[in-house]
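This report concerns only the one structure given below.
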Amino acid sequence: MVLALICLLLSLLTPRFLTSENLINVVRQSSLNAIVAAGMTLVILTGGIDLSVGSLLAVSSVFSAGTLAAGSSPLMAILAGIGMGLLFGVANGLIITVGDVAPFIVTLGTLTIARGIALVYTNGAPIMAMDNNFRFLGRGEFGPLPVPIVILFLVYAAVYFVLNRTTFGSYIFAIGGNQEAARLSGVRVRLIKAATYAISGLLAGLTGVILTGRLGSAQPNLGSGDELDAIAAVVLGGTSLAGGRGGIIGTLVGALIIGILANGLNLLNVNAYYQPVAKGIVILIAILVDRRVRASSAA
Amino acid sequence: MDEQTRDTDHAYSAVALETSQSERLSGECLLEMQGITKHFPGVVALHDVHFQIQAGEIHALIGENGAGKSTLIKILSGAYQADSGVLTFAGQQVQQPSPASMQRLGVSVIYQELNLVPYLSVARNIFLGHEPQTLQGVIDFRTMHQRSRELLGLLGVDLSPETLIADLGIAARQLVEVAKALSRHVRLLIMDEPTAPLSEQETATLFEVVRRLRDRGVTVIYISHRLEEIFKLANRVTVLRDGRVIGTQPIGAVTRDELVHMMVGRDITEQYPKSRVQPGEVVLRVSGLPGPEGDDAELVVRAREIVALAGLMGSGRTELARQIFGADPLRQGRIEVRGREVHFHSTREAIAAGIGMVPEDRKLQGLILDRSVEDNISLPVLSRYARGTVVRRSAVRALVNELIRTIDIRLQHLSQVVRTLSGGNQQKVVLAKWLASRCEVLILDEPTRGVDVGARAEIYSVIGKLVEQGKAILLISSDLPELLGLCDRVVVVYGGRLVAQFERPAAAAETIIRYASGTFTN
């Protein structure tokens, strides 16, 4: 709804918006946030939150570039980056579930730690990653489609399947809807919750590797603040921050809204300093409109 | 808060209490309910209730769960509006009672779940919402502490106004609630089962406080399940049953047996399925539990048998059930399922061993309200209906459809969200969850709470079917007639101990109530 409205408005305001070139460009730009937001959706559906994704993206990025620079194969470098994200994700999950600490606090901690490790590892300087095979993830194309968009669709298809067709998916909704009832029904609450953080970490790591490939270099300050865009995409997509309600398709739409907004503001030559202000306002309006629509359709 | 109330608050306490002193035992009527009726969808909670409180008395209100006590209190406190009838307070008819207007008249309720802010001090809680102030919005702590000390002193309680509520035990918190009511010029104080969580010593202290209040002219409505207490404390007693007033008596004019009879009243064996089947072999055995004398009591449930745990709320019956189900760690004793000792670290292991539980509070513990009927019913068995981890939707749907037919859950479609179902149908969804699992032992904790009469009978018939299927059932219910109507044996729990066991023919309601309220004397 809101997405269609924004698209319509932009295509009226600027003819350059509705070109296939621009549209592919927008989706590619949105894909990174969308992939991170997919993991975030799982976490938020259980009633949790993952603030560490932006930093995990950075640490994965520099680690994969570093592995490549040390002479490993591109495949090893890619796996190293993704593995780094997974590792942090598992750590998040274990501290939250076994340690029984609030997700907000735990992931705020790992946010700082991961960013710090990225800085220590690089000594603050960018690491080049110019290998063409490695950069395929970021710059390659399948026919007309850029590889990040293909990955985006694969990730969303997988998450959609998991949420709607597997026991794991049902348990995620059950925990977010009523953790106690889920526990009394024999659901392994800790395991499921920990797994969502692991997946969120893994997808943040994957995004870090794609971004490194796209840029041809890794920087320790990549992805700073990205957790907020991801959370915004999830919430725009109609998933409740309290957990238990929502879905993955909404998140994709949410990420596209945020991406198109940024694109549109650029096309309209809005002053770069005003862009975040405009973006925030539009997100708030979108959520308010969405609530209204939802409330009236429910009644 | 408006100026006027603040002024009366300032002029409060000593003065207010002295003026109301004149009301004391004047025989005047402080509060009167005439023909009060209240319906809820499907139930009449109160039917044509006439109820009169004299100024300065301690009036006990008793009745079984579901008799209408809470509804009556909520009408008095303004939380509910009666459908018809007249409420008169201090000679004036109350128009449009609301919580604010009843509070202004001087009606305060102390609920079981106390309304205190844990991380504020005693004094700040007492004066919450009407704090003495120096400037607008700035609390005058000196005055507030001073007045808190006075109030606590009046109650004969030694408690520092600066203590955090979080650092206090339940008994002290109740006294703070009493002081809070006093700070608001209370004329009628309603206490809802205040002694349920208290020890004997604490109960004695509370009684002392209540008597002091009465001596200062405060009228008290005192609700309790414990008859013993009523004889110690009250001047008069009113018995409610099925939303009607059965009678009001001066305490000296009734005996305990008469009260019990008034509470239980109806013929308690009607409406329950009488498909008597012969119990089979022992399925569940919990031994080494606290008994009347030592830790040697045993709880045994056989196949095709319903064993009931009778006891008051807080007696330890739910706690015991949750331990058997692995929801909480086992505090003492050992559990055997079909002769093999088991140690559950989670409900998951208990379910795998063939135990299921319909928990006490279906909304908080039993259901995921915003998910569909299908999702809820299939939750405990989902992994059994999955290839690897992929759920076989059609198989799940077939199972769910069959269960819905078997126990007649009324809904529009399978994807209907559970929240939109009636209480009875929601409860049937919880039952269906465990029908789906192949459990041998089923624990039912208050299976008919908040369920209307029609759906009750249906739930009873589902329970009957479960027994015929060979399940061993452990039933917890606060509804004594229900409990006696359904079960083969009764085990009475009091203060965490299994104090008595009866085969059904020997189980008289009166005897059970005596054991359950700790008043049995040989």
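By order in the structure tokens, chains are A, B, ...; within a chain, residues start at 1; ligands start at 1, following the order shown.
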* Test item, alpha helix (DSSP H) assignment across region 107-215 of chain A, answer as a VMD selection string -> chain A and resid 107 to 122 132 to 139 147 to 165 167 to 177 179 to 184 189 to 215
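Once Gly247 (chain B) and its same-chain neighbours fewer than 5 positions away are set aside, Val49, His50, Phe51, Gln52, Ala60, Leu61, Ile62, Gly63, Arg236, Val237, Thr238, Val239, Leu240, Arg241, Ala253, Val254, Glu258, Leu259, His261, Met262, Met263 and Gly265 of chain B remain within 12 Å of it when counting only C-alpha atoms.
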Report as CSV: every residue of chain B with an atom at most 6 Å from chain A, its closest pair of atoms, and their distance in Å to one decimal, counting only C-alpha atoms, with rows sorted by chain and ascending residue number.
```
residue,atom,partner,partner_atom,distance
B:Thr347,CA,A:Gly186,CA,5.2
B:Arg348,CA,A:Gly186,CA,3.9
B:Gln365,CA,A:Ala181,CA,4.3
B:Gly366,CA,A:Ala181,CA,4.9
B:Leu367,CA,A:Ala181,CA,5.8
B:Ile368,CA,A:Asn178,CA,5.3
B:Pro380,CA,A:Ser185,CA,4.9
B:Thr389,CA,A:Thr166,CA,5.4
B:Val390,CA,A:Thr166,CA,4.2
B:Val391,CA,A:Thr166,CA,4.9
```
* Structure fact -> Computed gap from CA of Asn132 (chain A) to CA of Gly83 (chain A) is 21.1 Å
* Asked: Of the residues B:Arg419, B:Arg244, B:Lys471, B:Arg387, which is the one nearest to Ile355 (chain B), using only C-alpha atoms?
  -> B:Lys471
* If we count only C-alpha atoms, what is near Leu75 (chain A) at a cut-off of 9 Å, once residues fewer than 4 positions away on the same chain are taken out, given as an MDAnalysis selection string? -> chainID A and resid 68 79:80 133:134
